[in-house]
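Next comes start-v5.cif, a file with mmCIF, C-alpha atoms.
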```
data_target
#
loop_
_atom_site.label_atom_id
_atom_site.label_comp_id
_atom_site.auth_asym_id
_atom_site.auth_seq_id
_atom_site.Cartn_x
_atom_site.Cartn_y
_atom_site.Cartn_z
CA MET P 15 0.00 0.00 0.00
CA ASP P 16 1.78 3.15 -1.21
CA PHE P 17 0.03 6.14 0.21
CA GLY P 18 -1.22 8.35 -2.64
CA ARG P 19 1.19 7.11 -5.31
CA TYR P 20 -1.38 6.24 -7.99
CA GLY P 21 -3.28 9.47 -7.42
CA ARG P 22 -0.06 11.43 -7.89
CA GLU P 23 0.72 9.57 -11.12
CA LEU P 24 -2.77 10.30 -12.46
CA LEU P 25 -2.29 14.02 -11.91
CA LEU P 26 1.23 14.03 -13.34
CA GLU P 27 -0.12 12.38 -16.46
CA LEU P 28 -2.76 15.12 -16.71
CA LYS P 29 -0.05 17.78 -16.56
CA ARG P 30 2.23 16.08 -19.06
CA SER P 31 0.04 15.34 -22.04
CA ASN P 32 -3.32 14.94 -23.73
CA ALA P 33 -2.90 11.18 -23.51
CA ALA P 34 -5.83 8.76 -23.70
CA TYR P 35 -7.85 7.88 -20.62
CA ASN P 36 -5.63 5.69 -18.45
CA ASP P 37 -7.99 2.96 -17.36
CA THR P 38 -5.20 0.92 -15.73
CA LEU P 39 -4.02 3.74 -13.51
CA VAL P 40 -7.57 4.68 -12.52
CA SER P 41 -8.25 1.04 -11.57
CA SER P 42 -5.05 0.93 -9.52
CA CYS P 43 -6.03 4.11 -7.71
CA LEU P 44 -9.50 2.75 -6.97
CA GLN P 45 -7.97 -0.51 -5.74
CA ASP P 46 -5.61 1.45 -3.48
CA LEU P 47 -8.55 3.42 -2.11
CA ASN P 48 -10.44 0.21 -1.35
CA LEU P 49 -7.40 -1.20 0.44
CA HIS P 50 -7.27 1.89 2.64
CA VAL P 51 -10.98 1.57 3.39
CA ARG P 52 -10.49 -2.06 4.38
CA ALA P 53 -7.43 -1.25 6.50
CA LEU P 54 -9.33 1.55 8.23
CA GLY P 55 -12.22 -0.79 9.02
CA ASP P 56 -9.86 -3.46 10.36
CA GLN P 57 -7.95 -1.03 12.54
CA VAL P 58 -11.11 0.57 13.97
CA ALA P 59 -12.56 -2.90 14.70
CA ALA P 60 -9.33 -4.02 16.39
CA ALA P 61 -9.10 -0.78 18.35
CA SER P 62 -12.73 -1.04 19.48
CA ARG P 63 -12.02 -4.51 20.87
CA ASP P 64 -9.00 -3.18 22.80
CA GLN P 65 -10.64 -0.02 24.07
CA GLU P 66 -9.34 1.34 27.34
CA ALA P 67 -11.59 2.65 30.03
CA SER P 68 -11.17 6.36 30.64
CA THR P 69 -11.34 8.12 34.03
CA ASP P 70 -15.04 8.87 33.52
CA GLY P 71 -15.84 5.26 32.68
CA LYS P 72 -16.51 5.85 28.98
CA PRO P 73 -14.45 3.69 26.60
CA LYS P 74 -11.94 5.45 24.39
CA LEU P 75 -9.51 4.44 21.68
CA SER P 76 -5.89 3.93 22.60
CA MET P 77 -3.69 6.89 21.58
CA SER P 78 -1.24 4.67 19.69
CA VAL P 79 -3.81 3.62 17.04
CA ARG P 80 -5.20 7.10 16.36
CA PRO P 81 -2.38 8.28 14.02
CA SER P 82 -2.79 5.25 11.78
CA ILE P 83 -6.57 5.62 11.65
CA LEU P 84 -6.21 9.31 10.74
CA LEU P 85 -3.60 8.48 8.10
CA GLN P 86 -5.86 5.88 6.47
CA GLU P 87 -8.70 8.40 6.39
CA ALA P 88 -6.42 11.06 4.88
CA ALA P 89 -5.26 8.58 2.22
CA ILE P 90 -8.86 7.73 1.33
CA HIS P 91 -9.73 11.41 0.87
CA ARG P 92 -6.52 11.95 -1.06
CA ASN P 93 -7.22 9.17 -3.56
CA LYS P 94 -10.80 10.36 -3.93
CA ARG P 95 -9.64 13.91 -4.64
CA CYS P 96 -7.10 12.74 -7.22
CA LEU P 97 -9.65 10.57 -9.02
CA LEU P 98 -12.30 13.30 -9.08
CA THR P 99 -9.77 15.88 -10.27
CA TYR P 100 -8.50 13.59 -13.04
CA HIS P 101 -12.01 13.08 -14.39
CA TRP P 102 -13.09 16.69 -13.88
CA VAL P 103 -10.08 18.12 -15.74
CA ARG P 104 -10.50 15.69 -18.64
CA LEU P 105 -14.19 16.56 -18.94
CA GLN P 106 -13.35 20.27 -18.94
CA ARG P 107 -10.86 19.67 -21.76
CA ILE P 108 -13.42 17.71 -23.78
CA GLN P 109 -16.00 20.46 -23.42
CA LYS P 110 -13.42 23.09 -24.34
CA GLN P 111 -12.44 21.03 -27.39
CA TYR P 112 -16.09 20.85 -28.44
CA TRP P 113 -16.64 24.60 -28.19
CA SER P 114 -13.31 25.74 -29.63
CA PRO P 115 -12.55 24.45 -33.12
CA ARG P 116 -8.91 23.65 -33.65
CA GLN P 117 -6.95 26.70 -34.73
CA GLU P 118 -3.53 25.30 -35.63
CA ASP P 119 -2.62 21.98 -37.21
CA ASN P 120 -0.04 21.22 -34.56
CA GLU P 121 -2.42 21.75 -31.65
CA GLU P 122 -2.79 18.46 -29.81
CA GLN P 123 -6.32 17.16 -29.33
CA GLN P 124 -7.39 15.34 -26.19
CA GLN P 125 -7.47 11.61 -26.90
CA LEU P 126 -10.69 10.09 -25.62
CA GLY P 127 -11.56 6.81 -23.98
CA PRO P 128 -14.79 4.93 -24.85
CA ALA P 129 -16.75 6.45 -21.95
CA GLU P 130 -15.51 9.90 -22.89
CA GLU P 131 -16.64 9.38 -26.49
CA GLU P 132 -20.09 8.56 -25.16
CA PHE P 133 -20.01 11.67 -23.00
CA LEU P 134 -19.06 13.80 -26.00
CA GLN P 135 -21.90 12.38 -28.08
CA ALA P 136 -24.39 12.91 -25.27
CA TYR P 137 -23.08 16.47 -24.79
CA GLN P 138 -23.46 17.18 -28.51
CA GLN P 139 -27.02 15.83 -28.53
CA LEU P 140 -27.88 17.92 -25.49
CA HIS P 141 -26.52 21.01 -27.18
CA GLN P 142 -28.38 20.29 -30.41
CA ARG P 143 -31.67 19.73 -28.57
CA TYR P 144 -31.22 23.03 -26.76
CA ALA P 145 -30.25 24.87 -29.94
CA GLN P 146 -33.21 23.48 -31.91
CA ASN P 147 -35.64 24.54 -29.23
CA THR P 148 -34.24 28.02 -28.71
CA LEU P 149 -31.90 29.10 -31.47
CA PRO P 150 -31.97 27.31 -34.84
CA PHE P 151 -28.32 27.83 -35.66
CA VAL P 152 -26.64 24.82 -34.06
CA ASP P 153 -23.34 25.22 -35.86
CA ASP P 154 -23.28 28.95 -35.38
CA LEU P 155 -23.05 28.57 -31.64
CA ARG P 156 -19.84 26.73 -32.12
CA ALA P 157 -18.32 29.02 -34.69
CA HIS P 158 -19.23 32.43 -33.34
CA ALA P 159 -18.04 34.25 -30.28
CA GLY P 160 -21.33 36.11 -29.88
CA LEU P 161 -24.97 35.21 -30.49
CA PRO P 162 -26.03 34.70 -34.13
CA PRO P 163 -28.87 36.71 -35.68
CA LEU P 164 -32.42 35.48 -35.17
CA ASN P 165 -34.49 33.99 -37.96
CA THR P 166 -36.50 37.05 -38.85
CA GLU P 167 -33.76 39.61 -38.45
CA ARG P 168 -32.57 41.42 -41.56
CA VAL P 169 -28.83 41.54 -42.02
CA LEU P 170 -26.46 43.59 -44.11
CA LEU P 171 -24.63 41.53 -46.70
CA ARG P 172 -22.02 41.95 -49.38
CA VAL P 173 -21.90 39.64 -52.36
CA VAL P 174 -18.56 37.85 -52.62
CA THR P 175 -19.51 35.42 -55.38
CA VAL P 176 -22.87 35.16 -57.15
CA PRO P 177 -24.82 32.30 -55.55
CA THR P 178 -27.39 32.11 -58.30
CA GLU P 179 -27.54 33.85 -61.70
CA GLY P 180 -30.26 36.29 -62.59
CA PRO P 181 -33.10 37.66 -60.44
CA VAL P 182 -34.32 35.34 -57.69
CA VAL P 183 -37.36 35.47 -55.38
CA LEU P 184 -36.45 34.54 -51.81
CA ALA P 185 -38.70 32.56 -49.43
CA SER P 186 -39.79 35.77 -47.72
CA GLY P 187 -40.99 37.13 -51.05
CA VAL P 188 -38.13 39.56 -51.59
CA SER P 189 -36.83 39.68 -55.14
CA VAL P 190 -33.10 40.25 -55.59
CA GLU P 191 -30.41 39.98 -58.24
CA PHE P 192 -26.90 39.35 -56.97
CA ARG P 193 -23.87 41.07 -58.43
CA VAL P 194 -20.33 40.76 -57.08
CA GLY P 195 -19.55 43.61 -54.69
CA ALA P 196 -23.17 44.65 -54.23
CA THR P 197 -24.63 45.25 -50.75
CA HIS P 198 -28.05 44.00 -49.72
CA PHE P 199 -30.25 44.11 -46.60
CA LEU P 200 -32.06 40.78 -46.51
CA PRO P 201 -33.80 38.42 -44.03
CA TRP P 202 -31.28 36.11 -42.41
CA ASN P 203 -33.49 33.07 -42.87
CA ASP P 204 -33.33 33.48 -46.67
CA VAL P 205 -29.60 33.92 -46.98
CA GLU P 206 -28.17 31.75 -44.21
CA GLU P 207 -27.18 28.94 -46.55
CA TRP P 208 -25.34 31.27 -48.94
CA VAL P 209 -23.51 32.95 -46.06
CA ARG P 210 -22.37 29.56 -44.77
CA LYS P 211 -21.11 28.64 -48.21
CA GLY P 212 -19.21 31.89 -48.49
CA HIS P 213 -21.13 33.45 -51.39
CA LEU P 214 -22.30 36.30 -49.14
CA ARG P 215 -20.50 38.07 -46.32
CA LEU P 216 -22.12 39.58 -43.25
CA LEU P 217 -21.25 43.21 -42.68
CA THR P 218 -21.10 45.40 -39.62
CA GLY P 219 -21.74 49.11 -39.79
CA GLU P 220 -18.00 49.90 -39.94
CA GLU P 221 -17.24 47.62 -42.88
CA HIS P 222 -20.17 49.10 -44.82
CA ASN P 223 -18.21 52.33 -45.00
CA GLU P 224 -15.16 50.72 -46.67
CA MET E 93 -13.15 23.61 0.32
CA GLN E 94 -14.19 25.62 -2.73
CA THR E 95 -14.56 23.84 -6.07
CA LYS E 96 -11.80 25.86 -7.68
CA ASN E 97 -9.16 24.79 -5.14
CA TYR E 98 -10.44 21.25 -4.79
CA PHE E 99 -9.75 20.49 -8.45
CA ASP E 100 -6.55 22.54 -8.68
CA VAL E 101 -3.94 20.05 -9.92
CA ASP E 102 -0.94 22.14 -8.84
CA ALA E 103 -2.38 22.68 -5.35
CA ILE E 104 -2.88 18.90 -4.98
CA LEU E 105 0.62 18.10 -6.21
CA ALA E 106 2.11 20.80 -3.98
CA GLU E 107 0.79 18.85 -0.98
CA GLU E 108 3.18 16.03 -1.90
CA GLU E 109 6.00 18.07 -0.34
CA LEU E 110 7.64 15.91 2.34
CA VAL E 111 7.67 17.42 5.84
CA PRO E 112 10.19 16.29 8.48
CA CYS E 113 8.37 15.13 11.65
CA GLN E 114 9.10 13.56 14.98
CA SER E 115 6.56 11.32 16.69
CA ASN E 116 5.50 12.32 20.20
CA PHE E 117 4.47 8.76 21.20
CA ASP E 118 4.37 5.23 19.77
CA PHE E 119 2.36 4.95 16.53
CA SER E 120 0.80 1.51 15.99
CA TYR E 121 0.77 -0.05 12.49
CA LEU E 122 3.15 2.59 11.10
CA SER E 123 6.56 1.03 11.51
CA HIS E 124 7.08 1.26 7.73
CA LEU E 125 7.37 5.06 8.04
CA ASP E 126 10.70 4.67 9.88
CA PRO E 127 13.44 5.01 7.23
CA ASP E 128 15.82 2.89 9.36
CA GLU E 129 13.31 0.17 10.21
CA ARG E 130 14.19 -3.44 9.44
CA PRO E 131 11.15 -5.28 8.00
CA GLY E 132 9.35 -7.44 10.53
CA LYS E 133 11.27 -6.08 13.52
CA ARG E 134 8.29 -4.35 15.10
CA HIS E 135 4.76 -3.23 14.28
CA TYR E 136 4.85 0.26 15.66
CA LEU E 137 6.75 3.49 15.15
CA PRO E 138 8.56 4.31 18.40
CA GLU E 139 8.28 7.66 20.16
CA GLY E 140 10.87 10.16 18.99
CA THR E 141 11.34 8.63 15.52
CA LYS E 142 12.25 11.14 12.83
CA PHE E 143 10.60 10.55 9.49
CA LYS E 144 9.08 12.41 6.54
CA VAL E 145 5.49 12.42 5.31
CA PRO E 146 3.62 14.53 2.73
CA VAL E 147 1.75 17.66 3.83
CA TRP E 148 -1.64 16.06 3.16
CA ALA E 149 -0.80 13.15 5.49
CA VAL E 150 0.59 15.15 8.41
CA GLU E 151 -1.98 17.93 8.61
CA LYS E 152 -4.34 16.21 11.03
CA TRP E 153 -1.47 14.89 13.14
CA ALA E 154 -0.07 18.40 13.43
CA THR E 155 -3.31 19.98 14.63
CA LEU E 156 -3.73 17.24 17.26
CA GLY E 157 -0.14 17.52 18.47
CA PHE E 158 0.85 13.96 17.52
CA VAL E 159 4.11 15.11 15.92
CA LYS E 160 6.67 17.90 16.07
CA LEU E 161 7.10 19.63 12.71
CA SER E 162 9.99 21.34 11.00
CA LEU E 163 10.53 22.83 7.58
CA PRO E 164 12.01 20.86 4.66
CA ARG E 165 15.63 21.73 3.91
CA HIS E 166 14.92 23.74 0.75
CA PHE E 167 12.51 25.93 2.73
CA GLY E 168 14.90 26.28 5.69
CA ARG E 169 16.88 29.32 6.78
CA LYS E 170 19.99 28.80 4.62
CA ALA E 171 17.94 28.03 1.53
CA ARG E 172 15.80 31.11 2.13
CA GLU E 173 18.89 33.30 2.35
CA ARG E 174 20.11 31.98 -1.00
CA ILE E 175 16.69 32.54 -2.55
CA GLU E 176 16.53 36.11 -1.27
CA ALA E 177 19.99 36.70 -2.69
CA GLY E 178 18.79 35.40 -6.05
CA GLU E 179 21.32 32.58 -6.10
CA ALA E 180 18.94 29.62 -6.10
CA ASP E 181 17.24 27.76 -8.94
CA ILE E 182 13.79 27.79 -7.45
CA ARG E 183 12.14 25.46 -9.95
CA LYS E 184 14.86 22.85 -9.39
CA ARG E 185 14.06 22.77 -5.65
CA ASN E 186 10.34 22.34 -6.22
CA GLU E 187 8.32 22.85 -9.39
CA ARG E 188 5.52 24.21 -7.21
CA PHE E 189 7.78 26.08 -4.82
CA PHE E 190 5.49 29.01 -4.07
CA ILE E 191 2.31 26.96 -3.74
CA ALA E 192 4.07 24.38 -1.54
CA GLY E 193 5.69 27.12 0.51
CA LYS E 194 2.38 28.82 1.20
CA ARG E 195 0.89 25.46 2.11
CA LEU E 196 3.71 24.82 4.55
CA GLY E 197 3.25 28.25 6.09
CA ASP E 198 -0.45 27.50 6.62
CA LEU E 199 0.42 24.11 8.10
CA LEU E 200 2.85 25.62 10.59
CA ASP E 201 0.37 28.32 11.60
CA ASN E 202 -2.39 25.72 12.16
CA TYR E 203 0.05 23.60 14.12
CA THR E 204 1.11 26.40 16.47
CA ALA E 205 -2.46 27.61 16.96
CA HIS E 206 -3.85 24.21 17.89
CA VAL E 207 -0.89 23.11 19.98
CA GLU E 208 -0.84 26.40 21.90
CA LYS E 209 -4.55 26.00 22.71
CA ALA E 210 -4.04 22.42 23.86
CA TRP E 211 -1.06 23.30 26.00
CA ARG E 212 -2.93 26.19 27.57
CA ARG E 213 -5.71 23.78 28.59
CA SER E 214 -3.34 21.13 29.92
CA GLY E 215 -0.89 23.48 31.56
CA ASP E 216 2.04 22.13 29.52
CA SER E 217 4.18 24.68 27.78
CA ASP E 218 7.13 24.84 25.45
CA GLN E 219 6.83 28.47 24.44
CA ARG E 220 10.35 28.56 23.09
CA LEU E 221 9.55 25.88 20.52
CA LEU E 222 6.30 27.54 19.53
CA GLU E 223 7.95 30.94 19.13
CA LEU E 224 10.64 29.37 16.96
CA ILE E 225 8.07 27.76 14.69
CA LYS E 226 6.04 30.98 14.44
CA ARG E 227 9.17 32.89 13.51
CA GLU E 228 10.10 30.29 10.87
CA SER E 229 6.62 30.50 9.36
CA ALA E 230 6.70 34.31 9.23
CA GLN E 231 10.16 34.33 7.65
CA LEU E 232 9.12 31.73 5.11
CA ARG E 233 6.14 33.85 4.06
CA ARG E 234 8.38 36.92 3.74
CA THR E 235 10.83 35.00 1.57
CA LEU E 236 8.06 33.66 -0.66
CA LEU E 237 6.59 37.13 -1.07
CA SER E 238 9.89 38.82 -1.86
CA ALA E 239 10.97 36.07 -4.27
CA TYR E 240 7.66 36.02 -6.13
CA THR E 241 7.00 39.76 -6.34
CA GLY E 242 10.55 40.90 -6.97
CA GLN E 243 12.54 40.81 -10.17
CA ARG E 244 10.99 37.47 -11.20
CA LEU E 245 7.50 38.97 -11.42
CA SER E 246 8.53 41.99 -13.46
CA GLN E 247 10.53 39.80 -15.85
CA THR E 248 7.66 37.34 -16.20
CA LEU E 249 5.14 40.07 -16.99
CA ASN E 250 7.53 41.77 -19.36
CA TRP E 251 8.18 38.58 -21.31
CA ALA E 252 4.51 37.55 -21.25
CA LEU E 253 3.29 40.82 -22.73
CA SER E 254 6.06 41.37 -25.26
CA SER E 255 6.84 37.93 -26.69
CA VAL E 256 3.95 37.32 -29.11
CA GLY E 257 5.20 34.89 -31.73
CA ASP E 258 8.54 34.32 -30.00
CA ASP E 259 9.99 31.09 -28.71
CA VAL E 260 9.91 31.52 -24.95
CA THR E 261 11.09 28.03 -23.94
CA GLU E 262 14.40 29.31 -22.63
CA TYR E 263 12.70 31.71 -20.28
CA THR E 264 9.75 29.62 -19.09
CA LYS E 265 11.81 26.53 -18.25
CA GLY E 266 13.07 28.34 -15.15
CA LEU E 267 9.61 29.33 -13.91
CA THR E 268 7.61 27.54 -11.25
CA GLU E 269 4.11 26.29 -12.10
CA LEU E 270 2.44 29.34 -10.53
CA GLU E 271 4.64 31.68 -12.55
CA ARG E 272 3.97 29.69 -15.71
CA ARG E 273 0.25 30.12 -15.16
CA LEU E 274 0.75 33.86 -14.83
CA PHE E 275 2.95 33.89 -17.93
CA LEU E 276 0.32 31.99 -19.90
CA LEU E 277 -2.41 34.44 -18.89
CA GLY E 278 -0.27 37.38 -19.93
CA ALA E 279 0.79 35.79 -23.21
CA THR E 280 -2.79 34.82 -24.06
CA SER E 281 -4.08 38.34 -23.49
CA ALA E 282 -1.19 39.81 -25.50
CA SER E 283 -1.97 37.42 -28.39
CA SER E 284 -5.67 38.25 -28.20
CA HIS E 285 -4.81 41.92 -28.32
CA GLU E 286 -2.63 41.41 -31.39
CA ALA E 287 -5.36 39.35 -33.06
CA TRP E 288 -7.87 42.10 -32.38
CA LYS E 289 -5.56 44.67 -33.97
CA VAL E 290 -5.16 42.48 -37.06
CA TYR E 291 -8.79 41.44 -37.56
CA GLY E 292 -10.60 44.39 -36.09
CA ASN E 293 -13.90 43.84 -34.33
CA GLY E 294 -16.05 42.76 -37.25
CA ARG E 295 -18.53 39.88 -37.10
CA LEU E 296 -16.97 36.47 -37.59
CA LEU E 297 -18.02 34.30 -40.52
CA PRO E 298 -19.80 30.97 -39.94
CA VAL E 299 -17.40 28.15 -40.76
CA THR E 300 -19.56 25.07 -41.23
CA GLU E 301 -19.25 24.12 -44.89
CA HIS E 302 -16.44 26.04 -46.43
CA LYS E 303 -12.81 25.59 -45.48
CA ARG E 304 -11.63 28.20 -43.06
CA THR E 305 -8.93 30.48 -44.33
CA ILE E 306 -7.93 32.08 -41.10
CA ARG E 307 -4.35 33.24 -41.21
CA SER E 308 -1.93 32.54 -38.43
CA VAL E 309 -2.60 34.80 -35.46
CA THR E 310 1.07 35.79 -35.28
CA PRO E 311 1.22 39.36 -36.54
CA ASP E 312 3.85 40.69 -38.89
CA LEU E 313 6.88 41.18 -36.67
CA GLN E 314 8.54 43.46 -39.16
CA ALA E 315 5.69 45.94 -39.11
CA PRO E 316 6.66 48.93 -37.01
CA GLY E 317 4.67 49.61 -33.89
CA ASN E 318 3.34 46.05 -33.69
CA LYS E 319 5.60 44.86 -30.90
CA ARG E 320 6.38 46.15 -27.47
CA GLN E 321 10.03 46.69 -26.80
CA ARG E 322 11.23 44.18 -24.24
CA ILE E 323 12.96 45.77 -21.29
CA SER E 324 16.03 43.71 -20.49
#
```
What's the structure tokens form of this structure?
Amino acid sequence: MDFGRYGRELLLELKRSNAAYNDTLVSSCLQDLNLHVRALGDQVAAASRDQEASTDGKPKLSMSVRPSILLQEAAIHRNKRCLLTYHWVRLQRIQKQYWSPRQEDNEEQQQLGPAEEEFLQAYQQLHQRYAQNTLPFVDDLRAHAGLPPLNTERVLLRVVTVPTEGPVVLASGVSVEFRVGATHFLPWNDVEEWVRKGHLRLLTGEEHNE
Amino acid sequence: MQTKNYFDVDAILAEEELVPCQSNFDFSYLSHLDPDERPGKRHYLPEGTKFKVPVWAVEKWATLGFVKLSLPRHFGRKARERIEAGEADIRKRNERFFIAGKRLGDLLDNYTAHVEKAWRRSGDSDQRLLELIKRESAQLRRTLLSAYTGQRLSQTLNWALSSVGDDVTEYTKGLTELERRLFLLGATSASSHEAWKVYGNGRLLPVTEHKRTIRSVTPDLQAPGNKRQRIS
């Protein structure tokens, strides 16, 4: 029984790399924790049998066994803290990875274990359910820093490439003919697909003055 | 304990710092803690045995007066003098030197407070020992404060805010974990500031179907006025 060794190794692995979930080390840490629990139970049972009588007649534990009992308890809490921290930090990294698309090719991604893959899928489904019920732009929440425009809002756009030749009637009934470089003020719902594909570019008030 | 500190990896690892102790009575079942113990010789740790245990293991013993505590060697008086003189490689002594040092200071203060209360109740007293430990704790805190907030802090901030795009390995390898966290915060905000200057504050494009063509965030280092001058 090495007090806290496996917990320490779990945390050192967290600091060192984005390695895959270390099932072996987690199992060793859990096993160590269970050994401490058993040892604590045995020592308390043995100490209860050997209780001394105090001056007031109430039984009390011998002083010599108290340090060991306290150490076992501290080791149990230590292992628990290390295990919880290992899992908490990994889950934070997975959530961060989900919300922040990779910027550079050399940025290392967190490797996931099977349970973590399931967590990621469940997290994605939860997010999609929320987005479908409140905001319709599931992918926008991941790509944008701020909130995306609502369905009915009109947005200022500049044509980068012509999405469709000739005059076109949009779903909202607006008729428009796209020319490269032209600026339009159109309902977001009608033009979302073209913006995603890069044919149209959203403008802010400052860029409109360029 | 608050959530933030409970899951703080560096705070947990800092508690692995070994603290020299001396047992005040026989400890049953703990003979393996004696570094000189021959296996199977006895099943208890005798009174007066000197041994080392991590901070997390000794905390409860210290508050109950089961052991006498002292500081680890690299937090002792001679080591502190070398640190204050700027002659010590702090990271080499302990990667989490400042966090571990603060933790040790808290441990010593808890120890003296609880032991003093117990001795007052029982009538025992070793004021000289308690005063010595209190003085050690106060001096340790002063050393930690002066080492952290002195030249190291100004250099760290300077490098963090003026090294966008640079290779900072040579500088950061000498920093403790707490200083590296500070450096990372500074470098991240400096990079974000540079990115804001390059891209302005326009609305970002959705990136679902077309390939993103975001340029590297590193700004043009040759452009005048883009880079703070580093103060050496």
Nearest candidate to E:Cys113 (options E:Asp128, E:Glu151, E:Asp100, E:Asp259; using all atoms listed in the file) = E:Glu151
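Put simply, the PyMOL selection byres ((chain P) within 6 of (chain E)) in this file takes in Ser78, Val79, Thr99, Ala157, Arg210 and Lys211 of chain P.
Here, the PyMOL selection byres ((chain E and resi 274) around 12) matches Tyr240, Arg244, Leu245, Ser246, Gln247, Thr248, Leu249, Asn250, Trp251, Ala252, Leu253, Thr264, Leu267, Thr268, Glu269, Leu270, Glu271, Arg272, Arg273, Phe275, Leu276, Leu277, Gly278, Ala279, Thr280 and Ser281 of chain E.
Closest approach to E:Lys170 among E:Asp201, E:Arg227, E:Leu232, E:Asn116 is made by E:Leu232 (distances from only C-alpha atoms).
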Would you kindly return, as a count of residues only, each protein, DNA or RNA residue with an atom no farther than 10 Å from any atom of P:Glu179, considering all atoms listed in the file and excluding same-chain residues fewer than 3 positions away?
-> 5
Name the residues that the PyMOL selection byres ((chain E and resi 224) around 12) pulls out of this structure, and write them as a VMD selection string.
-> chain E and resid 161 to 163 169 200 to 201 204 218 to 223 225 to 231
Go ahead and write the selection's residues with C-alpha atoms as a short mmCIF file (atom, residue, chain, number, x, y, z; two decimals), keeping the file's coordinate frame.
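Output (selection-v2.cif):
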```cif
data_model
loop_
_atom_site.label_atom_id
_atom_site.label_comp_id
_atom_site.auth_asym_id
_atom_site.auth_seq_id
_atom_site.Cartn_x
_atom_site.Cartn_y
_atom_site.Cartn_z
CA LEU E 161 7.10 19.63 12.71
CA SER E 162 9.99 21.34 11.00
CA LEU E 163 10.53 22.83 7.58
CA ARG E 169 16.88 29.32 6.78
CA LEU E 200 2.85 25.62 10.59
CA ASP E 201 0.37 28.32 11.60
CA THR E 204 1.11 26.40 16.47
CA ASP E 218 7.13 24.84 25.45
CA GLN E 219 6.83 28.47 24.44
CA ARG E 220 10.35 28.56 23.09
CA LEU E 221 9.55 25.88 20.52
CA LEU E 222 6.30 27.54 19.53
CA GLU E 223 7.95 30.94 19.13
CA ILE E 225 8.07 27.76 14.69
CA LYS E 226 6.04 30.98 14.44
CA ARG E 227 9.17 32.89 13.51
CA GLU E 228 10.10 30.29 10.87
CA SER E 229 6.62 30.50 9.36
CA ALA E 230 6.70 34.31 9.23
CA GLN E 231 10.16 34.33 7.65
#
```
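The spacing separating atom CA of P:Leu216 from atom CA of P:Leu170 amounts to 6.0 Å.
Counting only C-alpha atoms, the residue from P:Arg107, P:Arg80, P:His198, P:Arg172 that sits nearest to P:Gln65 is P:Arg80.
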Can you list, as an MDAnalysis selection string, every protein, DNA or RNA residue that comes within 12 Å of P:Val188 when you count only C-alpha atoms, leaving out same-chain residues fewer than 3 positions away?
-> chainID P and resid 168 181:185 191 198:205
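The residue that comes closest to E:Ala154, out of E:Asn97, E:Asn186, E:Thr235, E:Asn202 and on the basis of only C-alpha atoms, is E:Asn202.
Reported to one decimal place, the separation of atom CA of E:Arg183 from atom CA of E:Thr261 is 14.3 Å.
Here atom CA of P:Leu214 stands at a distance of 26.6 Å from atom CA of P:Tyr112.
In terms of minimum interatomic distance to P:Leu171, P:Glu206 ranks closest within P:Glu206, P:Arg143, P:Val103, P:Gln138, counting only C-alpha atoms.
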So which residues fall inside 6 Å of (-7.6, 1.3, 17.8) if we count only C-alpha atoms? Mind giving them as number ranges by chain?
-> P: 57-58, 60-62, 75-76, 79
Any chance you can output those residues with C-alpha atoms as an mmCIF file, keeping the file's coordinate frame?
```
data_model
loop_
_atom_site.group_PDB
_atom_site.id
_atom_site.type_symbol
_atom_site.label_atom_id
_atom_site.label_comp_id
_atom_site.auth_asym_id
_atom_site.auth_seq_id
_atom_site.Cartn_x
_atom_site.Cartn_y
_atom_site.Cartn_z
ATOM 1 C CA GLN P 57 -7.950 -1.030 12.540
ATOM 2 C CA VAL P 58 -11.110 0.570 13.970
ATOM 3 C CA ALA P 60 -9.330 -4.020 16.390
ATOM 4 C CA ALA P 61 -9.100 -0.780 18.350
ATOM 5 C CA SER P 62 -12.730 -1.040 19.480
ATOM 6 C CA LEU P 75 -9.510 4.440 21.680
ATOM 7 C CA SER P 76 -5.890 3.930 22.600
ATOM 8 C CA VAL P 79 -3.810 3.620 17.040
#
```
Around (-9.4, 19.0, -18.0) in the file's frame, which residues reach within 10 Å when counting only C-alpha atoms? Return as an MDAnalysis selection string?
-> (chainID P and resid 28:29 32 99:110 124) or (chainID E and resid 99 101)
